[in-house]
$ cat entry35.cif   # mmCIF, C-alpha atoms
data_run
#
loop_
_atom_site.label_atom_id
_atom_site.label_comp_id
_atom_site.auth_asym_id
_atom_site.auth_seq_id
_atom_site.Cartn_x
_atom_site.Cartn_y
_atom_site.Cartn_z
CA MET A 1 22.82 9.78 0.85
CA ASP A 2 26.04 10.59 2.63
CA SER A 3 26.20 11.24 6.36
CA GLU A 4 26.91 14.98 6.02
CA ILE A 5 23.75 15.60 4.00
CA ARG A 6 21.71 13.41 6.33
CA MET A 7 23.01 15.34 9.35
CA LYS A 8 22.08 18.67 7.74
CA MET A 9 18.58 17.37 7.12
CA TYR A 10 18.19 16.21 10.75
CA ILE A 11 19.43 19.59 11.98
CA SER A 12 17.00 21.42 9.69
CA VAL A 13 14.06 19.40 10.97
CA TYR A 14 15.20 19.96 14.55
CA ASN A 15 15.54 23.73 14.02
CA LEU A 16 12.19 24.02 12.26
CA GLY A 17 10.42 21.91 14.88
CA SER A 18 11.87 23.58 17.97
CA PRO A 19 10.99 26.82 19.76
CA PRO A 20 11.06 29.70 19.07
CA SER A 21 10.27 28.98 15.43
CA ASP A 22 8.17 25.84 15.90
CA TYR A 23 6.86 24.87 12.48
CA SER A 24 6.05 21.30 13.53
CA GLU A 25 2.43 21.42 12.39
CA GLU A 26 3.45 22.76 8.99
CA LEU A 27 6.22 20.14 8.65
CA TYR A 28 3.78 17.35 9.46
CA LYS A 29 1.23 18.63 6.92
CA ARG A 30 3.88 19.05 4.25
CA TYR A 31 5.27 15.58 4.96
CA GLU A 32 1.85 14.14 4.17
CA GLY A 33 1.34 16.56 1.30
CA VAL A 34 4.52 15.47 -0.45
CA PHE A 35 3.36 11.85 -0.35
CA ILE A 36 -0.15 12.72 -1.54
CA ASP A 37 1.22 14.78 -4.44
CA TYR A 38 3.74 12.15 -5.49
CA LEU A 39 1.29 9.27 -5.23
CA SER A 40 -1.40 11.22 -7.14
CA SER A 41 0.83 12.53 -9.90
CA LYS A 42 3.29 9.66 -10.45
CA VAL A 43 2.37 6.39 -8.77
CA LEU A 44 -1.37 6.10 -9.40
CA PRO A 45 -1.10 7.10 -13.10
CA ALA A 46 1.71 4.59 -13.64
CA ILE A 47 -0.45 1.80 -12.22
CA GLN A 48 -3.61 2.91 -14.04
CA GLU A 49 -1.64 3.09 -17.29
CA LYS A 50 -1.53 -0.72 -17.29
CA ARG A 51 -5.16 -0.91 -18.42
CA ASP A 52 -4.99 -3.90 -20.72
CA ASP A 53 -2.93 -6.34 -18.70
CA ASP A 54 -3.88 -7.20 -15.13
CA VAL A 55 -0.61 -9.01 -14.42
CA SER A 56 1.53 -6.03 -15.43
CA MET A 57 -0.80 -3.77 -13.41
CA LEU A 58 -0.30 -5.96 -10.34
CA GLU A 59 3.46 -6.05 -10.90
CA GLU A 60 3.53 -2.24 -11.14
CA LEU A 61 1.44 -1.95 -7.97
CA VAL A 62 3.79 -4.25 -6.04
CA GLU A 63 6.87 -2.42 -7.31
CA ARG A 64 5.40 0.97 -6.41
CA TRP A 65 4.36 -0.32 -2.96
CA ASP A 66 7.86 -1.66 -2.32
CA ASN A 67 9.36 1.70 -3.32
CA HIS A 68 6.86 3.53 -1.15
CA LYS A 69 7.77 1.44 1.91
CA VAL A 70 11.45 2.34 1.45
CA MET A 71 10.67 6.01 0.93
CA VAL A 72 8.45 6.17 4.03
CA THR A 73 11.08 4.43 6.16
CA LYS A 74 13.89 6.72 5.04
CA LEU A 75 11.90 9.94 5.31
CA SER A 76 10.49 9.06 8.71
CA ARG A 77 14.08 8.67 9.94
CA VAL A 78 14.96 12.15 8.73
CA PHE A 79 11.89 13.54 10.53
CA HIS A 80 12.45 11.45 13.68
CA TYR A 81 12.63 14.56 15.89
CA LEU A 82 9.17 15.58 14.69
CA ASP A 83 7.88 12.07 15.36
CA ARG A 84 9.27 11.99 18.90
CA ASN A 85 7.99 15.42 19.90
CA TYR A 86 5.17 16.93 17.90
CA VAL A 87 3.44 13.69 16.86
CA VAL A 88 3.47 12.28 20.39
CA ARG A 89 2.37 15.58 21.94
CA LYS A 90 -0.56 15.92 19.51
CA SER A 91 -1.48 12.20 19.50
CA LEU A 92 -1.19 12.04 15.71
CA PRO A 93 -0.37 8.99 13.61
CA SER A 94 3.37 8.36 13.45
CA LEU A 95 5.14 9.56 10.32
CA LYS A 96 5.37 5.98 9.09
CA ASP A 97 1.65 5.45 9.64
CA ALA A 98 0.88 8.78 7.95
CA GLY A 99 3.03 7.82 4.94
CA PHE A 100 1.36 4.43 4.62
CA GLY A 101 -2.01 6.09 5.13
CA CYS A 102 -1.33 8.31 2.13
CA PHE A 103 -0.77 5.22 -0.02
CA ARG A 104 -4.03 3.78 1.26
CA LYS A 105 -5.96 7.00 0.53
CA VAL A 106 -4.56 7.65 -2.93
CA VAL A 107 -3.60 4.33 -4.50
CA TYR A 108 -5.41 1.61 -2.58
CA GLU A 109 -8.82 3.33 -2.61
CA ALA A 110 -8.58 4.02 -6.34
CA MET A 111 -7.37 0.54 -7.30
CA LYS A 112 -8.85 -1.89 -4.77
CA VAL A 113 -11.73 -3.18 -6.93
CA ARG A 114 -9.61 -3.73 -10.03
CA VAL A 115 -6.81 -5.29 -7.98
CA LYS A 116 -9.25 -7.60 -6.15
CA ASP A 117 -10.77 -8.73 -9.45
CA ALA A 118 -7.33 -9.34 -10.97
CA VAL A 119 -6.15 -11.40 -7.99
CA ILE A 120 -9.32 -13.50 -7.96
CA THR A 121 -8.89 -14.10 -11.69
CA LEU A 122 -5.32 -15.29 -11.09
CA ILE A 123 -6.39 -17.60 -8.27
CA ASN A 124 -9.11 -19.04 -10.51
CA GLN A 125 -6.52 -19.60 -13.22
CA GLU A 126 -4.42 -21.55 -10.74
CA CYS A 127 -7.46 -23.59 -9.70
CA ASN A 128 -7.87 -24.47 -13.37
CA GLY A 129 -4.30 -25.78 -13.54
CA GLU A 130 -2.52 -22.71 -14.90
CA GLU A 131 0.78 -21.51 -13.46
CA ILE A 132 0.63 -18.13 -11.70
CA ASP A 133 3.13 -15.97 -9.85
CA ARG A 134 2.19 -16.82 -6.25
CA THR A 135 4.78 -14.45 -4.81
CA MET A 136 3.19 -11.54 -6.62
CA VAL A 137 -0.27 -12.55 -5.36
CA LYS A 138 1.11 -12.75 -1.80
CA ASN A 139 2.69 -9.30 -2.19
CA VAL A 140 -0.56 -7.82 -3.51
CA LEU A 141 -2.47 -9.28 -0.57
CA GLU A 142 0.06 -7.64 1.76
CA ILE A 143 -1.19 -4.32 0.41
CA PHE A 144 -4.76 -5.28 1.28
CA VAL A 145 -3.67 -6.28 4.78
CA MET A 146 -1.67 -3.05 5.16
CA ALA A 147 -4.81 -1.10 4.37
CA ARG A 148 -6.15 -2.45 7.68
CA ASN A 149 -7.41 -5.88 8.43
CA GLN A 150 -11.09 -4.90 8.23
CA ASN A 151 -10.56 -3.52 4.73
CA TYR A 152 -8.89 -6.81 3.80
CA VAL A 153 -12.00 -8.69 4.88
CA ASP A 154 -14.39 -6.23 3.22
CA ASP A 155 -12.36 -5.52 0.08
CA PHE A 156 -10.89 -8.93 -0.71
CA GLU A 157 -11.62 -11.88 1.54
CA THR A 158 -15.43 -11.80 1.26
CA ALA A 159 -15.33 -11.56 -2.55
CA PHE A 160 -12.67 -14.26 -2.76
CA LEU A 161 -14.57 -16.69 -0.52
CA ASN A 162 -17.79 -16.14 -2.49
CA ASP A 163 -15.95 -16.70 -5.75
CA ILE A 164 -14.13 -19.82 -4.61
CA LYS A 165 -17.34 -21.22 -3.08
CA GLY A 166 -19.02 -20.76 -6.47
CA TYR A 167 -16.07 -22.41 -8.22
CA TYR A 168 -16.16 -25.51 -6.03
CA TYR A 169 -19.96 -25.71 -6.05
CA THR A 170 -19.97 -25.62 -9.87
CA ARG A 171 -17.19 -28.19 -9.95
CA LYS A 172 -19.02 -30.49 -7.50
CA VAL A 173 -22.24 -30.30 -9.55
CA SER A 174 -20.44 -31.05 -12.81
CA ASP A 175 -18.53 -33.95 -11.20
CA SER A 176 -21.74 -35.48 -9.82
CA ARG A 177 -23.42 -35.19 -13.25
CA ARG A 178 -20.44 -36.85 -14.89
CA LEU A 179 -20.59 -39.75 -12.42
CA SER A 180 -24.34 -40.33 -13.00
#

$ encode --input "entry35.cif" --output "structure tokens"
Amino acid sequence: MDSEIRMKMYISVYNLGSPPSDYSEELYKRYEGVFIDYLSSKVLPAIQEKRDDDVSMLEELVERWDNHKVMVTKLSRVFHYLDRNYVVRKSLPSLKDAGFGCFRKVVYEAMKVRVKDAVITLINQECNGEEIDRTMVKNVLEIFVMARNQNYVDDFETAFLNDIKGYYYTRKVSDSRRLS
């Protein structure tokens, strides 16, 4: 985006968010609404479309998350005036937090169980000596952490620890039987 267009956008946000025609509340709602609509109509269906292959589903999720982070960062810069004035005055989540919150509400909540199961399956494959894409797993876990640390514990860590405990318990029992 060239600087002239960017400047026009900043000026528009300033004009719409300033007296006498203060549309700050509407701008904030529409900012969130655009993300909700886009995530619901484009992002979530693209991820859900990968029904038969967990790895391609996880790759799509990571790619869409990376794109979303860029989009949130760029749009929050355009709406910086709104963030500095209206958001602070009303004690609302920052535009960045609102944008990431939309991802959490639409994509994360819909996909968290399937994603958790797919990641645990990959980790189990690695425990069994198979090669996995560790970077992708790390990037997927970033999404769980982004969704708030408590959700990470509830939605992933507890299930993972139970699964891995079962894996090592089963392995220990079979090793002790083999040695007897």

$ resolve_selection --input "entry35.cif" --expression "the PyMOL selection byres ((chain A and resi 40) around 12)" --output "list in words"
Gly33, Val34, Phe35, Ile36, Asp37, Tyr38, Leu39, Ser41, Lys42, Val43, Leu44, Pro45, Ala46, Ile47, Gln48, Cys102, Phe103, Arg104, Lys105, Val106, Val107, Tyr108, Glu109 and Ala110 of chain A

$ closest_residue --input "entry35.cif" --among "A:Asp54, A:Asp97, A:Glu59, A:Glu126" --to "Val72 (chain A)" --atoms "only C-alpha atoms"
A:Asp97

$ atom_distance --input "entry35.cif" --atom1 "CA of Arg134 (chain A)" --atom2 "CA of Asp66 (chain A)"
16.7 Å

$ atom_distance --input "entry35.cif" --atom1 "CA of Val137 (chain A)" --atom2 "CA of Val62 (chain A)"
9.3 Å

$ axis_aligned_box --input "entry35.cif" --around "region 75-90 of chain A" --padding-each-side "3 Å" --output "lines of an AutoDock Vina configuration file"
center_x = 7.2
center_y = 12.8
center_z = 13.6
size_x = 21.5
size_y = 14.3
size_z = 22.6

$ resolve_selection --input "entry35.cif" --expression "the PyMOL selection byres ((chain A and resi 25) around 12)" --output "count of residues only"
23

$ atom_distance --input "entry35.cif" --atom1 "CA of Glu49 (chain A)" --atom2 "CA of Gly129 (chain A)"
29.2 Å

$ residues_around --input "entry35.cif" --residues "Lys74 (chain A)" --least-positions-apart "4" --cutoff "12 Å" --atoms "only C-alpha atoms" --output "count of residues only"
14

$ closest_residue --input "entry35.cif" --among "A:Val145, A:Asn139, A:Val113, A:Ile120" --to "Trp65 (chain A)" --atoms "all atoms listed in the file"
A:Asn139

$ closest_residue --input "entry35.cif" --among "A:Ala98, A:Met111, A:Leu122, A:Met7" --to "Thr73 (chain A)" --atoms "all atoms listed in the file"
A:Ala98

$ closest_residue --input "entry35.cif" --among "A:Ile11, A:Val140, A:Ile5, A:Ala118" --to "Leu61 (chain A)" --atoms "all atoms listed in the file"
A:Val140

$ closest_residue --input "entry35.cif" --among "A:Leu58, A:Asn15, A:Lys116, A:Ser91" --to "Thr135 (chain A)" --atoms "all atoms listed in the file"
A:Leu58

$ build_atoms --input "entry35.cif" --residues "region 101-125 of chain A" --atoms "N, CA, C and O atoms" --output "mmCIF file, keeping the file's coordinate frame"
data_model
loop_
_atom_site.group_PDB
_atom_site.id
_atom_site.type_symbol
_atom_site.label_atom_id
_atom_site.label_comp_id
_atom_site.auth_asym_id
_atom_site.auth_seq_id
_atom_site.Cartn_x
_atom_site.Cartn_y
_atom_site.Cartn_z
ATOM 1 N N GLY A 101 -0.636 5.637 5.281
ATOM 2 C CA GLY A 101 -2.010 6.090 5.130
ATOM 3 C C GLY A 101 -2.231 6.838 3.827
ATOM 4 O O GLY A 101 -3.293 6.734 3.207
ATOM 5 N N CYS A 102 -1.231 7.593 3.412
ATOM 6 C CA CYS A 102 -1.330 8.310 2.130
ATOM 7 C C CYS A 102 -1.449 7.325 0.973
ATOM 8 O O CYS A 102 -2.242 7.542 0.051
ATOM 9 N N PHE A 103 -0.685 6.244 1.026
ATOM 10 C CA PHE A 103 -0.770 5.220 -0.020
ATOM 11 C C PHE A 103 -2.175 4.622 -0.034
ATOM 12 O O PHE A 103 -2.771 4.421 -1.086
ATOM 13 N N ARG A 104 -2.687 4.361 1.156
ATOM 14 C CA ARG A 104 -4.030 3.780 1.260
ATOM 15 C C ARG A 104 -5.061 4.733 0.655
ATOM 16 O O ARG A 104 -5.909 4.319 -0.124
ATOM 17 N N LYS A 105 -4.974 6.026 1.006
ATOM 18 C CA LYS A 105 -5.960 7.000 0.530
ATOM 19 C C LYS A 105 -5.902 7.203 -0.971
ATOM 20 O O LYS A 105 -6.940 7.294 -1.634
ATOM 21 N N VAL A 106 -4.701 7.297 -1.511
ATOM 22 C CA VAL A 106 -4.560 7.650 -2.930
ATOM 23 C C VAL A 106 -4.595 6.431 -3.838
ATOM 24 O O VAL A 106 -5.383 6.376 -4.788
ATOM 25 N N VAL A 107 -3.754 5.455 -3.578
ATOM 26 C CA VAL A 107 -3.600 4.330 -4.500
ATOM 27 C C VAL A 107 -4.583 3.204 -4.189
ATOM 28 O O VAL A 107 -5.317 2.757 -5.065
ATOM 29 N N TYR A 108 -4.569 2.745 -2.959
ATOM 30 C CA TYR A 108 -5.410 1.610 -2.580
ATOM 31 C C TYR A 108 -6.881 1.882 -2.864
ATOM 32 O O TYR A 108 -7.569 1.057 -3.474
ATOM 33 N N GLU A 109 -7.399 3.026 -2.420
ATOM 34 C CA GLU A 109 -8.820 3.330 -2.610
ATOM 35 C C GLU A 109 -9.188 3.399 -4.087
ATOM 36 O O GLU A 109 -10.277 2.984 -4.474
ATOM 37 N N ALA A 110 -8.287 3.897 -4.912
ATOM 38 C CA ALA A 110 -8.580 4.020 -6.340
ATOM 39 C C ALA A 110 -8.495 2.675 -7.068
ATOM 40 O O ALA A 110 -9.191 2.465 -8.062
ATOM 41 N N MET A 111 -7.656 1.765 -6.567
ATOM 42 C CA MET A 111 -7.370 0.540 -7.300
ATOM 43 C C MET A 111 -7.943 -0.734 -6.685
ATOM 44 O O MET A 111 -7.867 -1.797 -7.302
ATOM 45 N N LYS A 112 -8.514 -0.674 -5.506
ATOM 46 C CA LYS A 112 -8.850 -1.890 -4.770
ATOM 47 C C LYS A 112 -9.805 -2.823 -5.520
ATOM 48 O O LYS A 112 -9.628 -4.041 -5.479
ATOM 49 N N VAL A 113 -10.782 -2.309 -6.226
ATOM 50 C CA VAL A 113 -11.730 -3.180 -6.930
ATOM 51 C C VAL A 113 -11.033 -3.872 -8.092
ATOM 52 O O VAL A 113 -11.152 -5.096 -8.256
ATOM 53 N N ARG A 114 -10.303 -3.122 -8.875
ATOM 54 C CA ARG A 114 -9.610 -3.730 -10.030
ATOM 55 C C ARG A 114 -8.560 -4.732 -9.564
ATOM 56 O O ARG A 114 -8.413 -5.808 -10.148
ATOM 57 N N VAL A 115 -7.845 -4.395 -8.507
ATOM 58 C CA VAL A 115 -6.810 -5.290 -7.980
ATOM 59 C C VAL A 115 -7.462 -6.566 -7.444
ATOM 60 O O VAL A 115 -7.002 -7.678 -7.726
ATOM 61 N N LYS A 116 -8.534 -6.429 -6.685
ATOM 62 C CA LYS A 116 -9.250 -7.600 -6.150
ATOM 63 C C LYS A 116 -9.692 -8.512 -7.287
ATOM 64 O O LYS A 116 -9.476 -9.723 -7.244
ATOM 65 N N ASP A 117 -10.303 -7.938 -8.317
ATOM 66 C CA ASP A 117 -10.770 -8.730 -9.450
ATOM 67 C C ASP A 117 -9.613 -9.447 -10.148
ATOM 68 O O ASP A 117 -9.728 -10.617 -10.524
ATOM 69 N N ALA A 118 -8.488 -8.749 -10.302
ATOM 70 C CA ALA A 118 -7.330 -9.340 -10.970
ATOM 71 C C ALA A 118 -6.750 -10.495 -10.147
ATOM 72 O O ALA A 118 -6.382 -11.541 -10.700
ATOM 73 N N VAL A 119 -6.683 -10.332 -8.844
ATOM 74 C CA VAL A 119 -6.150 -11.400 -7.990
ATOM 75 C C VAL A 119 -7.075 -12.609 -8.003
ATOM 76 O O VAL A 119 -6.612 -13.752 -8.111
ATOM 77 N N ILE A 120 -8.364 -12.378 -7.916
ATOM 78 C CA ILE A 120 -9.320 -13.500 -7.960
ATOM 79 C C ILE A 120 -9.225 -14.221 -9.293
ATOM 80 O O ILE A 120 -9.269 -15.454 -9.348
ATOM 81 N N THR A 121 -9.065 -13.485 -10.377
ATOM 82 C CA THR A 121 -8.890 -14.100 -11.690
ATOM 83 C C THR A 121 -7.647 -14.989 -11.703
ATOM 84 O O THR A 121 -7.676 -16.121 -12.204
ATOM 85 N N LEU A 122 -6.541 -14.487 -11.147
ATOM 86 C CA LEU A 122 -5.320 -15.290 -11.090
ATOM 87 C C LEU A 122 -5.510 -16.554 -10.254
ATOM 88 O O LEU A 122 -5.055 -17.644 -10.643
ATOM 89 N N ILE A 123 -6.163 -16.428 -9.126
ATOM 90 C CA ILE A 123 -6.390 -17.600 -8.270
ATOM 91 C C ILE A 123 -7.272 -18.614 -8.994
ATOM 92 O O ILE A 123 -7.019 -19.828 -8.931
ATOM 93 N N ASN A 124 -8.276 -18.130 -9.717
ATOM 94 C CA ASN A 124 -9.110 -19.040 -10.510
ATOM 95 C C ASN A 124 -8.308 -19.725 -11.601
ATOM 96 O O ASN A 124 -8.529 -20.908 -11.888
ATOM 97 N N GLN A 125 -7.384 -18.995 -12.214
ATOM 98 C CA GLN A 125 -6.520 -19.600 -13.220
ATOM 99 C C GLN A 125 -5.704 -20.734 -12.612
ATOM 100 O O GLN A 125 -5.541 -21.798 -13.212
#
